[in-house]
Structures are given as structure tokens and as C-alpha cells.
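Engineer: mmCIF, C-alpha atoms, saved as structure01.cif, coming up:
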data_entry
#
loop_
_atom_site.label_atom_id
_atom_site.label_comp_id
_atom_site.auth_asym_id
_atom_site.auth_seq_id
_atom_site.Cartn_x
_atom_site.Cartn_y
_atom_site.Cartn_z
CA MET A 754 39.38 15.83 48.66
CA ILE A 755 41.86 12.99 48.17
CA LYS A 756 44.11 13.34 45.12
CA THR A 757 46.91 10.84 45.78
CA VAL A 758 46.92 7.45 47.49
CA PHE A 759 50.26 6.33 48.94
CA PHE A 760 50.84 2.63 49.60
CA ASP A 761 53.48 1.00 51.72
CA LEU A 762 55.02 -1.96 49.87
CA GLY A 763 55.98 -4.68 52.37
CA ASP A 764 53.02 -6.51 53.94
CA VAL A 765 50.58 -4.22 52.13
CA ILE A 766 51.21 -4.94 48.43
CA VAL A 767 53.55 -7.89 48.85
CA LYS A 768 53.72 -10.28 51.78
CA VAL A 769 57.19 -10.35 53.31
CA TYR A 770 58.41 -13.69 54.66
CA ALA A 771 61.46 -12.36 56.49
CA LYS A 772 62.12 -15.64 58.30
CA ARG A 773 63.21 -17.11 54.95
CA ILE A 774 66.27 -14.84 54.99
CA TYR A 775 67.14 -15.90 58.51
CA LYS A 776 66.76 -19.58 57.69
CA LYS A 777 68.91 -19.40 54.56
CA LEU A 778 71.64 -17.36 56.23
CA PHE A 779 71.72 -19.30 59.50
CA GLY A 780 70.50 -22.73 58.40
CA SER A 781 67.98 -24.71 60.45
CA ASN A 782 68.86 -22.79 63.63
CA TYR A 783 66.41 -19.94 63.11
CA TYR A 784 63.70 -18.54 65.30
CA GLY A 785 61.45 -16.67 62.92
CA LYS A 786 60.61 -13.18 61.82
CA ILE A 787 60.88 -11.33 65.13
CA ASP A 788 64.39 -12.53 65.81
CA PHE A 789 65.52 -11.65 62.30
CA TYR A 790 64.31 -8.09 62.75
CA LYS A 791 66.07 -7.84 66.10
CA PHE A 792 69.22 -9.11 64.43
CA ALA A 793 68.83 -6.66 61.54
CA GLN A 794 68.19 -3.66 63.77
CA LYS A 795 71.52 -4.21 65.51
CA ILE A 796 73.33 -3.73 62.21
CA PRO A 797 73.56 -0.05 61.28
CA GLN A 798 74.25 -1.04 57.68
CA VAL A 799 70.66 -2.28 57.26
CA ARG A 800 69.26 1.21 57.74
CA ASP A 801 72.18 2.71 55.82
CA PHE A 802 71.31 0.41 52.92
CA GLU A 803 67.66 1.48 53.06
CA LYS A 804 68.79 5.12 53.02
CA GLY A 805 70.99 4.52 49.98
CA LEU A 806 74.16 5.34 51.91
CA ILE A 807 76.01 2.12 51.05
CA SER A 808 76.16 -0.05 47.94
CA PRO A 809 74.74 -3.58 47.67
CA GLU A 810 78.28 -4.97 47.71
CA GLN A 811 79.13 -3.07 50.91
CA PHE A 812 75.91 -4.29 52.48
CA TYR A 813 76.68 -7.89 51.53
CA LEU A 814 80.13 -7.68 53.11
CA SER A 815 78.72 -6.21 56.33
CA ILE A 816 76.14 -9.01 56.66
CA LYS A 817 78.69 -11.65 55.76
CA SER A 818 80.95 -10.46 58.56
CA LYS A 819 78.08 -10.67 61.05
CA ILE A 820 76.86 -14.17 60.21
CA ASN A 821 80.36 -15.65 59.95
CA LYS A 822 79.38 -17.79 56.97
CA ASN A 823 81.16 -18.31 53.66
CA ILE A 824 78.49 -17.13 51.24
CA THR A 825 79.00 -15.63 47.79
CA TYR A 826 77.43 -12.34 46.72
CA SER A 827 75.16 -14.20 44.31
CA GLU A 828 74.03 -16.61 47.03
CA PHE A 829 73.42 -13.72 49.38
CA LYS A 830 71.25 -11.89 46.82
CA ASP A 831 69.18 -15.03 46.25
CA SER A 832 68.58 -15.39 50.00
CA TRP A 833 67.95 -11.68 50.52
CA ASN A 834 65.39 -11.44 47.72
CA ASP A 835 63.46 -14.70 48.01
CA ILE A 836 60.93 -13.43 50.55
CA PHE A 837 58.02 -11.90 48.62
CA GLU A 838 54.56 -12.92 47.52
CA PRO A 839 52.02 -10.49 46.03
CA ILE A 840 48.86 -9.83 48.04
CA SER A 841 46.23 -10.36 45.36
CA GLY A 842 43.43 -8.59 47.25
CA THR A 843 45.43 -5.39 47.52
CA ILE A 844 46.47 -5.47 43.89
CA LYS A 845 42.86 -5.98 42.78
CA ILE A 846 41.68 -2.92 44.73
CA LEU A 847 44.78 -1.01 43.62
CA GLY A 848 43.65 -1.47 40.03
CA LYS A 849 40.34 0.26 40.84
CA ILE A 850 42.04 3.08 42.73
CA SER A 851 44.56 3.77 39.97
CA ASP A 852 41.70 4.35 37.50
CA LYS A 853 40.50 7.40 39.46
CA TYR A 854 43.38 8.64 41.62
CA LYS A 855 47.11 9.23 41.45
CA THR A 856 48.89 6.39 43.20
CA ALA A 857 52.32 6.05 44.75
CA ILE A 858 54.47 3.53 46.54
CA LEU A 859 56.14 4.97 49.65
CA SER A 860 58.42 2.33 51.10
CA ASN A 861 61.43 1.73 53.30
CA THR A 862 63.37 -0.59 51.04
CA ASN A 863 66.61 -1.16 49.17
CA ILE A 864 67.77 -1.41 45.59
CA LEU A 865 68.21 -5.21 45.66
CA HIS A 866 64.61 -5.80 46.69
CA ILE A 867 63.18 -3.29 44.22
CA ASN A 868 65.20 -4.64 41.31
CA TYR A 869 64.08 -8.17 42.15
CA LEU A 870 60.41 -7.20 42.48
CA LYS A 871 60.41 -5.25 39.22
CA GLN A 872 61.94 -8.20 37.40
CA ASN A 873 59.29 -10.59 38.71
CA TYR A 874 56.02 -8.64 39.08
CA ASP A 875 54.10 -6.20 36.91
CA PHE A 876 51.99 -4.30 39.46
CA PHE A 877 54.42 -1.34 39.35
CA ASP A 878 52.65 -0.16 36.21
CA LEU A 879 49.66 0.76 38.41
CA PHE A 880 51.64 3.53 40.15
CA ASN A 881 52.23 7.09 39.05
CA TYR A 882 55.08 7.47 41.53
CA GLN A 883 57.52 5.03 43.12
CA LEU A 884 59.12 6.62 46.17
CA TYR A 885 61.79 4.57 47.89
CA SER A 886 63.79 5.35 51.00
CA PHE A 887 67.10 4.48 49.33
CA GLU A 888 66.43 7.14 46.69
CA LEU A 889 64.93 9.76 49.02
CA GLY A 890 67.67 9.42 51.64
CA SER A 891 65.28 9.08 54.58
CA ILE A 892 63.10 6.36 56.07
CA LYS A 893 59.69 6.17 57.68
CA PRO A 894 58.65 7.24 60.27
CA ASP A 895 60.85 10.32 59.75
CA LYS A 896 58.47 13.10 58.76
CA LYS A 897 60.91 14.25 56.07
CA ILE A 898 60.04 11.30 53.86
CA PHE A 899 56.33 12.18 53.98
CA GLN A 900 57.08 15.81 53.20
CA LYS A 901 59.22 14.79 50.24
CA ALA A 902 56.52 12.39 49.04
CA VAL A 903 53.76 14.98 48.76
CA GLN A 904 56.15 17.46 47.16
CA ILE A 905 57.06 14.95 44.44
CA ALA A 906 53.44 13.88 43.93
CA GLY A 907 52.20 17.46 43.78
CA SER A 908 49.61 16.93 46.51
CA LYS A 909 49.08 18.52 49.89
CA PRO A 910 49.10 16.22 52.96
CA GLU A 911 45.38 16.75 53.47
CA GLU A 912 44.83 15.68 49.86
CA SER A 913 46.76 12.46 50.44
CA LEU A 914 45.80 9.04 51.80
CA PHE A 915 48.54 6.84 53.25
CA ILE A 916 48.12 3.07 53.76
CA ASP A 917 50.66 1.23 55.92
CA ASP A 918 50.76 -1.77 58.27
CA ASN A 919 53.07 -0.04 60.77
CA LYS A 920 51.39 2.04 63.50
CA GLU A 921 54.44 4.24 64.04
CA ASN A 922 54.48 5.18 60.36
CA ILE A 923 50.76 5.89 60.43
CA ILE A 924 51.15 8.22 63.42
CA SER A 925 53.98 10.10 61.75
CA ALA A 926 51.97 10.52 58.54
CA LYS A 927 48.98 11.79 60.54
CA ASN A 928 51.20 14.33 62.27
CA VAL A 929 52.27 15.65 58.87
CA GLY A 930 48.60 15.96 57.89
CA PHE A 931 47.90 12.82 55.86
CA ASN A 932 44.66 10.89 55.90
CA THR A 933 45.61 7.34 56.91
CA VAL A 934 44.46 3.74 56.98
CA LEU A 935 46.25 1.14 59.11
CA PHE A 936 46.45 -2.01 57.01
CA ASN A 937 45.70 -5.27 58.80
CA SER A 938 44.45 -7.38 55.91
CA THR A 939 42.79 -6.91 52.55
CA ASP A 940 39.47 -6.95 54.43
CA ASN A 941 40.09 -3.51 55.90
CA LEU A 942 40.75 -2.08 52.44
CA THR A 943 36.97 -1.73 52.41
CA ASP A 944 37.70 1.43 54.46
CA VAL A 945 39.73 2.73 51.52
CA VAL A 946 36.95 1.88 49.08
CA GLU A 947 34.51 3.88 51.19
CA ILE A 948 36.84 6.86 51.67
CA LEU A 949 37.45 7.05 47.93
CA ASN A 950 33.83 6.37 46.93
CA LEU A 951 34.77 3.42 44.75
CA ASN A 952 31.60 1.41 45.38
#
So that I can check it, write out the structure of this file as C-alpha cells.

Structural biologist:
Amino acid sequence: MIKTVFFDLGDVIVKVYAKRIYKKLFGSNYYGKIDFYKFAQKIPQVRDFEKGLISPEQFYLSIKSKINKNITYSEFKDSWNDIFEPISGTIKILGKISDKYKTAILSNTNILHINYLKQNYDFFDLFNYQLYSFELGSIKPDKKIFQKAVQIAGSKPEESLFIDDNKENIISAKNVGFNTVLFNSTDNLTDVVEILNLN
């Protein structure tokens, strides 16, 4: 029986427009989301920031050195944070789920993004637990983060449902013992409604 439903944050609860960061940092010479991620993955500090190993100021300086652009910390934060839009369909179903089940966010993210989202959106009140990589010290798909998540939530993996848009994360969660749903759009949240008998 499912006791806790874990949601990824980016592209499940909020749409992430990553190309906006690239455009603001590099100007009109940008190539979109895929290239930004390739750029980001080459910078160890991105993952270090998501693991909580470096401060926002250290992260800013590392990015600034890579893009070779004179940008203030305040300007950088504005560019870094201005990428989100709530997915209304998910939040609507989340409201129904939170009435009957424990709910949790389980996300690879950083303190700048979370602070920005909490200042601008109120859906966080729908969650019993907010589990972030920068606080847990590990990132998906590392199985350690899933093990920590169920320990904190007081649920066994087989009593947990994990919703994520990343196949690699879904596979890792399955290997730990979670029930899973691969998120493609709010349409396939009908699978969650059926699993949880919310009809």
C-alpha cells in the first residue's frame, strides 16, 4: 500500500526554461536548452552546488569565470532564477493527493532556486517533506538519496511512489524498491490517480 508520494520538482511541478539562463548569460548567441546542459555538466561546481558543497557566492564566481562576462552577483541571481513556471495540472492533482497521502518533494536543486520558488509560489504548503539534494548531500540517480528520502519520510520503498521526468532517476528508484511513474505531461498523471484510487 502506498503511504508517501515523492515528486520531482523541475519539469514535474514547475516547468524549467533553462535556455533563458543561457540567453541572459551569453546574450543572443545561444542555442537552447540542450547546449546549456552540456555547458553546465562540464562545470563541476554545478553538481557541487546541487550537493551543497559550495556557497551561492562561490558558485557565482565559478560561473562568472567560465562565461567571461562582467556580471554582478545580483544580476547573476536574477538570470539564474528566472526560469520557472508552475505546471497547473500537476498542482491541481497534487492537491487531491495531499488530502489522502503524505507527499514529498525529492529534487536535485540548489538553495538559490528553492529560495526564489518559495518567495514566489505557495504550492510548498501541499508537501509534508521537502527533500533537496543540497541539503541531503547527494543527487539523483544516486541510490543514497532515495534511501535517505524514505528514511526521513518514515516509509518503506515499496510503500512509496516516485514521480520524475528523468528515466535514469526512475530506474534508480525502481532498483531501490520504489513504485514509479515516468512523467511526460500532466495527462499521464491519470496513472497516478488510478494507482492511488483517487477517482

Engineer: Taking into account all atoms listed in the file, which residue in the set A:Lys776, A:Val929, A:Phe759, A:Ile892 is nearest to Pro910 in chain A?

Structural biologist: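 Closest candidate: A:Val929.
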
Engineer: Which one of A:Lys756, A:Arg800, A:Arg773, A:His866 sits closest to Asn834 in chain A if you count all atoms listed in the file?

Structural biologist: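 Nearest candidate to Asn834 in chain A out of A:Lys756, A:Arg800, A:Arg773, A:His866: A:His866.
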
Engineer: Between A:Asn922, A:Ser860, A:Gln798, A:Gln883, single out the one closest to Glu810 in chain A, counting all atoms listed in the file.

Structural biologist: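 Closest residue, counting all atoms listed in the file: A:Gln798.
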
Engineer: For the atom pair CA of Ser841 in chain A and CA of Val945 in chain A, what is the interatomic distance in Å to one decimal place?

Structural biologist: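 Calculated distance between CA of Ser841 in chain A and CA of Val945 in chain A is 15.9 Å.
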
Engineer: Go through A:Ile820, A:Leu914, A:Val767, A:Ile796 and flag the residue nearest Asn873 in chain A, using only C-alpha atoms for the distances.

Structural biologist: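 Among the listed residues, A:Val767 lies closest to Asn873 in chain A.
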
Engineer: Using only C-alpha atoms, which of the listed residues (A:Tyr826, A:Phe837, A:Tyr813, A:Phe915) sits closest to Lys772 in chain A?

Structural biologist: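 Nearest candidate to Lys772 in chain A out of A:Tyr826, A:Phe837, A:Tyr813, A:Phe915: A:Phe837.
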
Engineer: What does the distance between CA of Leu870 in chain A and CA of Asn937 in chain A come to in Å, to one decimal place?

Structural biologist: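 CA of Asn937 in chain A lies 22.1 Å from CA of Leu870 in chain A.
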
Engineer: Using all atoms listed in the file, which of A:Leu806, A:Leu879, A:Ile755, A:Ile923 sits nearest Lys896 in chain A?

Structural biologist: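 Checking each candidate against Lys896 in chain A, we get A:Ile923 as the closest.
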
Engineer: Could you tell me how far CA of Gly907 in chain A sits from CA of Asn868 in chain A, in Å to one decimal place?

Structural biologist: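 Going from CA of Asn868 in chain A over to CA of Gly907 in chain A covers 25.8 Å.
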